[in-house]
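data.txt (compact mmCIF, C-alpha atoms)
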# COMPACT_ATOMS: atom_id res chain seq x y z
CA MET A 5 46.00 90.24 41.71
CA PHE A 6 47.74 89.21 44.97
CA TYR A 7 50.79 87.87 43.15
CA GLN A 8 51.00 90.94 40.94
CA ARG A 9 51.11 93.17 44.04
CA LYS A 10 53.83 91.00 45.56
CA LEU A 11 55.89 91.13 42.37
CA ASP A 12 55.49 94.91 42.19
CA GLU A 13 56.58 95.15 45.83
CA ILE A 14 59.75 93.19 45.07
CA MET A 15 60.59 95.08 41.89
CA SER A 16 60.04 98.53 43.41
CA ALA A 17 62.17 97.68 46.47
CA GLU A 18 59.38 98.48 48.92
CA PRO A 19 59.81 96.90 52.34
CA SER A 20 57.71 93.83 53.07
CA VAL A 21 55.56 93.87 56.19
CA VAL A 22 55.59 90.86 58.52
CA THR A 23 53.99 90.30 61.91
CA VAL A 24 56.29 89.25 64.75
CA CYS A 25 54.97 88.95 68.31
CA GLY A 26 51.82 90.83 67.35
CA LYS A 27 53.75 93.83 65.95
CA LYS A 28 54.15 94.69 62.31
CA ARG A 29 57.77 94.95 61.16
CA SER A 30 59.01 96.09 57.78
CA ILE A 31 61.73 94.06 56.07
CA GLY A 32 63.99 95.75 53.55
CA TRP A 33 66.88 94.49 51.46
CA MET A 34 69.41 92.28 53.22
CA ARG A 35 72.49 94.25 54.24
CA ASN A 36 76.04 92.97 53.78
CA TYR A 37 76.89 92.81 57.49
CA ALA A 38 73.66 90.97 58.29
CA GLU A 39 74.29 88.51 55.48
CA ARG A 40 77.85 87.93 56.72
CA ARG A 41 76.70 87.32 60.31
CA LEU A 42 73.92 85.03 59.08
CA THR A 43 76.47 83.00 57.12
CA ARG A 44 78.73 82.75 60.16
CA LEU A 45 75.79 81.63 62.30
CA MET A 46 74.75 78.95 59.82
CA LEU A 47 78.30 77.57 59.55
CA LYS A 48 78.52 76.88 63.28
CA GLU A 49 78.05 73.27 64.26
CA VAL A 50 74.71 72.73 65.97
CA ASP A 51 73.39 69.62 67.69
CA ASP A 52 70.65 67.86 65.80
CA ASP A 53 68.10 68.25 68.58
CA ALA A 54 65.05 70.43 68.00
CA TYR A 55 65.91 72.84 70.84
CA ALA A 56 69.30 73.81 69.39
CA LEU A 57 67.89 74.14 65.88
CA SER A 58 65.02 76.35 67.00
CA LYS A 59 67.47 78.50 68.97
CA ARG A 60 69.60 78.96 65.86
CA ASN A 61 66.50 79.83 63.82
CA VAL A 62 65.52 82.54 66.29
CA GLN A 63 69.09 83.91 66.24
CA ALA A 64 68.85 84.11 62.45
CA MET A 65 65.47 85.82 62.74
CA SER A 66 66.97 88.37 65.11
CA LEU A 67 69.71 89.16 62.60
CA MET A 68 67.14 89.59 59.86
CA LEU A 69 64.95 91.89 61.92
CA LEU A 70 67.81 94.09 63.14
CA MET A 71 69.49 94.13 59.69
CA ARG A 72 71.88 97.09 60.25
CA LYS A 73 75.44 96.69 61.51
CA TRP A 74 75.23 98.80 64.65
CA LYS A 75 71.87 97.40 65.67
CA ILE A 76 73.30 93.89 65.33
CA VAL A 77 76.50 94.74 67.21
CA PHE A 78 74.74 96.35 70.16
CA PHE A 79 71.38 94.58 70.39
CA HIS A 80 71.54 91.11 68.78
CA TRP A 81 72.92 89.41 71.89
CA ILE A 82 69.87 90.46 73.97
CA TYR A 83 67.24 90.60 71.22
CA TRP A 84 67.46 86.96 70.17
CA ARG A 85 67.26 85.86 73.81
CA TRP A 86 64.21 88.04 74.33
CA LEU A 87 62.56 86.56 71.24
CA PHE A 88 63.46 82.99 72.22
CA TYR A 89 62.94 82.90 75.98
CA VAL A 90 60.46 85.70 76.72
CA SER A 91 58.32 86.09 73.60
CA GLU A 92 58.62 82.45 72.57
CA VAL A 93 58.18 83.11 68.86
CA THR A 94 56.66 80.30 66.87
CA PRO A 95 58.30 78.57 63.91
CA VAL A 96 55.55 80.06 61.73
CA GLU A 97 56.69 83.58 62.64
CA VAL A 98 60.31 82.65 61.95
CA LEU A 99 59.30 81.22 58.58
CA GLY A 100 57.37 84.40 57.70
CA VAL A 101 60.42 86.55 58.36
CA LEU A 102 62.67 84.12 56.49
CA GLU A 103 60.45 84.17 53.40
CA ALA A 104 60.25 87.97 53.43
CA VAL A 105 64.04 88.32 53.67
CA LYS A 106 64.70 85.66 51.04
CA LYS A 107 62.73 87.72 48.53
CA LYS A 108 64.90 90.71 49.40
CA MET A 109 68.26 89.08 48.72
CA THR A 110 70.26 89.30 45.54
CA THR A 111 71.43 85.70 45.52
CA GLU A 112 72.84 85.14 42.04
CA PRO A 113 75.72 87.67 42.20
CA SER A 114 76.47 86.58 45.76
CA MET A 115 76.68 82.91 44.79
CA MET A 116 78.88 83.63 41.79
CA CYS A 117 81.25 85.74 43.92
CA THR A 118 81.43 82.99 46.53
CA THR A 119 82.20 80.38 43.88
CA SER A 120 84.97 82.53 42.41
CA LEU A 121 86.46 83.25 45.83
CA ILE A 122 86.49 79.57 46.75
CA GLY A 123 88.52 78.88 43.63
CA MET A 124 91.09 81.52 44.62
CA MET A 125 91.67 80.30 48.19
CA ASP A 126 95.12 78.97 48.97
CA VAL A 127 93.69 75.98 50.83
CA MET A 128 92.51 74.64 47.48
CA MET A 129 96.11 73.58 46.92
CA THR A 130 95.98 71.26 49.93
CA MET A 131 92.81 69.48 48.81
CA THR A 132 92.91 66.01 47.41
CA ARG A 133 92.12 65.58 43.74
CA GLU A 134 88.71 64.13 44.57
CA GLU A 135 87.76 67.13 46.77
CA ALA A 136 88.90 69.61 44.14
CA ARG A 137 87.02 67.77 41.40
CA LEU A 138 83.78 67.82 43.41
CA THR A 139 84.16 71.51 44.23
CA ARG A 140 84.61 72.52 40.61
CA ALA A 141 82.07 70.07 39.17
CA VAL A 142 79.17 72.53 39.16
CA PRO A 143 79.24 75.14 36.36
CA ARG A 144 79.03 78.77 37.42
CA GLY A 145 75.53 80.10 37.97
CA VAL A 146 73.92 76.64 37.94
CA ARG A 147 72.36 75.26 41.09
CA PRO A 148 73.59 71.84 42.26
CA THR A 149 71.13 69.00 41.80
CA ALA A 150 71.71 67.03 44.98

Represent the structure contained in this file as structure tokens.
Amino acid sequence: MFYQRKLDEIMSAEPSVVTVCGKKRSIGWMRNYAERRLTRLMLKEVDDDAYALSKRNVQAMSLMLLMRKWKIVFFHWIYWRWLFYVSEVTPVEVLGVLEAVKKKMTTEPSMMCTTSLIGMMDVMMTMTREEARLTRAVPRGVRPTA
């Protein structure tokens, strides 16, 4: 019964409810600007120490909770610091938000668009044959195995 309710929640596009810092927050579908900023955040080089990784996770959580462009533009810079330094959110809370948002993303069309756009970039011409072969080795719509 629990799983049926969760599936109905996903299919009917109802917001998921998660608890962050003792407050209930509703998580809707991932917006384009939030997804773009999350991608940019994840592509930044981060040290392999636990402190830097947990800081990046809280920044990602902040993006997911704010979700709208103008909220992110005006409040993300202070909100993630408040979550990280003042509230000291736990990794369990970050994971709860991450799982709720992951259910609300349309990943297949996004991945296929990304794959197509990578193939159209002009920097593909400067790649070595080995790099180009590895990039195109995975068929469209199929997840890589390693």

For a quick check of understanding, using all atoms listed in the file, which of A:Thr94, A:Arg60, A:Arg9, A:Trp74 has the smallest distance to Ala38 (chain A)?
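Nearest to Ala38 (chain A): A:Trp74.
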
Just want the 12 Å neighbourhood of Leu99 (chain A), counted on all atoms listed in the file, with same-chain residues fewer than 6 positions away dropped. Output as a PyMOL selection string.
chain A and resi 22-24+58+61-62+64-65+68+93+105-106

Any chance you could export the current selection's C-alpha atoms as a tab-separated table (two decimals), in the coordinates of the input?
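In the end it all went to again_28.tsv:
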chain	number	residue	atom	x	y	z
A	22	VAL	CA	55.59	90.86	58.52
A	23	THR	CA	53.99	90.30	61.91
A	24	VAL	CA	56.29	89.25	64.75
A	58	SER	CA	65.02	76.35	67.00
A	61	ASN	CA	66.50	79.83	63.82
A	62	VAL	CA	65.52	82.54	66.29
A	64	ALA	CA	68.85	84.11	62.45
A	65	MET	CA	65.47	85.82	62.74
A	68	MET	CA	67.14	89.59	59.86
A	93	VAL	CA	58.18	83.11	68.86
A	105	VAL	CA	64.04	88.32	53.67
A	106	LYS	CA	64.70	85.66	51.04

Separation of CA of Trp84 (chain A) from CA of Met46 (chain A) in Å:
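Distance between the two atoms: 15.0 Å.
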
Neighbouring residues of Tyr37 (chain A) were defined as those with any atom within 10 Å, considering all atoms listed in the file; residues of the same chain fewer than 3 positions away were excluded. Please report them as a list in words.
Met34, Arg40, Arg41, Leu42, Thr43, Leu67, Met71, Arg72, Lys73, Trp74, Ile76 and Val77 of chain A

Expressed in Å to a single decimal, how great is the separation between CA of Val50 (chain A) and CA of Trp33 (chain A)?
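Computed distance, CA of Val50 (chain A) to CA of Trp33 (chain A), equals 27.3 Å.
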
Separation of CA of Leu47 (chain A) from CA of Glu103 (chain A) in Å:
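Going from CA of Glu103 (chain A) over to CA of Leu47 (chain A), I get 20.0 Å.
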
Could you model N, CA and C atoms for region 69-104 of chain A and present them as an mmCIF file, in the coordinates of the input?
data_model
loop_
_atom_site.group_PDB
_atom_site.id
_atom_site.type_symbol
_atom_site.label_atom_id
_atom_site.label_comp_id
_atom_site.auth_asym_id
_atom_site.auth_seq_id
_atom_site.Cartn_x
_atom_site.Cartn_y
_atom_site.Cartn_z
ATOM 1 N N LEU A 69 65.789 90.780 61.487
ATOM 2 C CA LEU A 69 64.950 91.890 61.920
ATOM 3 C C LEU A 69 65.782 93.127 62.252
ATOM 4 N N LEU A 70 66.966 92.940 62.806
ATOM 5 C CA LEU A 70 67.810 94.090 63.140
ATOM 6 C C LEU A 70 68.457 94.682 61.885
ATOM 7 N N MET A 71 69.002 93.845 61.026
ATOM 8 C CA MET A 71 69.490 94.130 59.690
ATOM 9 C C MET A 71 70.686 95.093 59.590
ATOM 10 N N ARG A 72 70.784 96.126 60.368
ATOM 11 C CA ARG A 72 71.880 97.090 60.250
ATOM 12 C C ARG A 72 73.028 96.723 61.195
ATOM 13 N N LYS A 73 74.237 97.102 60.794
ATOM 14 C CA LYS A 73 75.440 96.690 61.510
ATOM 15 C C LYS A 73 75.410 97.090 62.981
ATOM 16 N N TRP A 74 75.140 98.342 63.258
ATOM 17 C CA TRP A 74 75.230 98.800 64.650
ATOM 18 C C TRP A 74 74.095 98.269 65.505
ATOM 19 N N LYS A 75 72.946 98.040 64.914
ATOM 20 C CA LYS A 75 71.870 97.400 65.670
ATOM 21 C C LYS A 75 72.262 95.970 66.022
ATOM 22 N N ILE A 76 72.881 95.270 65.071
ATOM 23 C CA ILE A 76 73.300 93.890 65.330
ATOM 24 C C ILE A 76 74.396 93.851 66.387
ATOM 25 N N VAL A 77 75.378 94.727 66.266
ATOM 26 C CA VAL A 77 76.500 94.740 67.210
ATOM 27 C C VAL A 77 76.024 94.992 68.632
ATOM 28 N N PHE A 78 75.138 95.963 68.809
ATOM 29 C CA PHE A 78 74.740 96.350 70.160
ATOM 30 C C PHE A 78 73.549 95.585 70.724
ATOM 31 N N PHE A 79 72.625 95.126 69.867
ATOM 32 C CA PHE A 79 71.380 94.580 70.390
ATOM 33 C C PHE A 79 71.113 93.108 70.087
ATOM 34 N N HIS A 80 71.846 92.497 69.161
ATOM 35 C CA HIS A 80 71.540 91.110 68.780
ATOM 36 C C HIS A 80 71.658 90.154 69.958
ATOM 37 N N TRP A 81 72.676 90.336 70.786
ATOM 38 C CA TRP A 81 72.920 89.410 71.890
ATOM 39 C C TRP A 81 71.738 89.367 72.862
ATOM 40 N N ILE A 82 71.022 90.462 73.057
ATOM 41 C CA ILE A 82 69.870 90.460 73.970
ATOM 42 C C ILE A 82 68.564 90.221 73.222
ATOM 43 N N TYR A 83 68.493 90.686 71.974
ATOM 44 C CA TYR A 83 67.240 90.600 71.220
ATOM 45 C C TYR A 83 66.853 89.162 70.904
ATOM 46 N N TRP A 84 67.833 88.342 70.492
ATOM 47 C CA TRP A 84 67.460 86.960 70.170
ATOM 48 C C TRP A 84 67.045 86.207 71.422
ATOM 49 N N ARG A 85 67.654 86.515 72.561
ATOM 50 C CA ARG A 85 67.260 85.860 73.810
ATOM 51 C C ARG A 85 65.855 86.284 74.229
ATOM 52 N N TRP A 86 65.549 87.560 74.021
ATOM 53 C CA TRP A 86 64.210 88.040 74.330
ATOM 54 C C TRP A 86 63.176 87.358 73.439
ATOM 55 N N LEU A 87 63.476 87.235 72.154
ATOM 56 C CA LEU A 87 62.560 86.560 71.240
ATOM 57 C C LEU A 87 62.389 85.086 71.606
ATOM 58 N N PHE A 88 63.494 84.431 71.973
ATOM 59 C CA PHE A 88 63.460 82.990 72.220
ATOM 60 C C PHE A 88 62.870 82.641 73.576
ATOM 61 N N TYR A 89 63.341 83.288 74.628
ATOM 62 C CA TYR A 89 62.940 82.900 75.980
ATOM 63 C C TYR A 89 61.699 83.632 76.480
ATOM 64 N N VAL A 90 61.564 84.917 76.181
ATOM 65 C CA VAL A 90 60.460 85.700 76.720
ATOM 66 C C VAL A 90 59.250 85.666 75.795
ATOM 67 N N SER A 91 59.451 86.040 74.538
ATOM 68 C CA SER A 91 58.320 86.090 73.600
ATOM 69 C C SER A 91 57.919 84.729 73.083
ATOM 70 N N GLU A 92 58.860 83.799 73.061
ATOM 71 C CA GLU A 92 58.620 82.450 72.570
ATOM 72 C C GLU A 92 57.963 82.479 71.185
ATOM 73 N N VAL A 93 58.704 83.032 70.219
ATOM 74 C CA VAL A 93 58.180 83.110 68.860
ATOM 75 C C VAL A 93 57.968 81.710 68.295
ATOM 76 N N THR A 94 56.988 81.595 67.451
ATOM 77 C CA THR A 94 56.660 80.300 66.870
ATOM 78 C C THR A 94 57.458 80.084 65.585
ATOM 79 N N PRO A 95 57.620 78.833 65.185
ATOM 80 C CA PRO A 95 58.300 78.570 63.910
ATOM 81 C C PRO A 95 57.592 79.205 62.717
ATOM 82 N N VAL A 96 56.293 79.418 62.816
ATOM 83 C CA VAL A 96 55.550 80.060 61.730
ATOM 84 C C VAL A 96 55.984 81.511 61.578
ATOM 85 N N GLU A 97 56.205 82.202 62.693
ATOM 86 C CA GLU A 97 56.690 83.580 62.640
ATOM 87 C C GLU A 97 58.102 83.638 62.073
ATOM 88 N N VAL A 98 58.938 82.703 62.477
ATOM 89 C CA VAL A 98 60.310 82.650 61.950
ATOM 90 C C VAL A 98 60.274 82.411 60.448
ATOM 91 N N LEU A 99 59.417 81.514 60.001
ATOM 92 C CA LEU A 99 59.300 81.220 58.580
ATOM 93 C C LEU A 99 58.796 82.427 57.797
ATOM 94 N N GLY A 100 57.868 83.190 58.371
ATOM 95 C CA GLY A 100 57.370 84.400 57.700
ATOM 96 C C GLY A 100 58.466 85.427 57.484
ATOM 97 N N VAL A 101 59.302 85.619 58.492
ATOM 98 C CA VAL A 101 60.420 86.550 58.360
ATOM 99 C C VAL A 101 61.429 86.022 57.352
ATOM 100 N N LEU A 102 61.716 84.733 57.420
ATOM 101 C CA LEU A 102 62.670 84.120 56.490
ATOM 102 C C LEU A 102 62.229 84.275 55.040
ATOM 103 N N GLU A 103 60.954 84.040 54.768
ATOM 104 C CA GLU A 103 60.450 84.170 53.400
ATOM 105 C C GLU A 103 60.503 85.616 52.925
ATOM 106 N N ALA A 104 60.207 86.558 53.813
ATOM 107 C CA ALA A 104 60.250 87.970 53.430
ATOM 108 C C ALA A 104 61.676 88.400 53.110
#
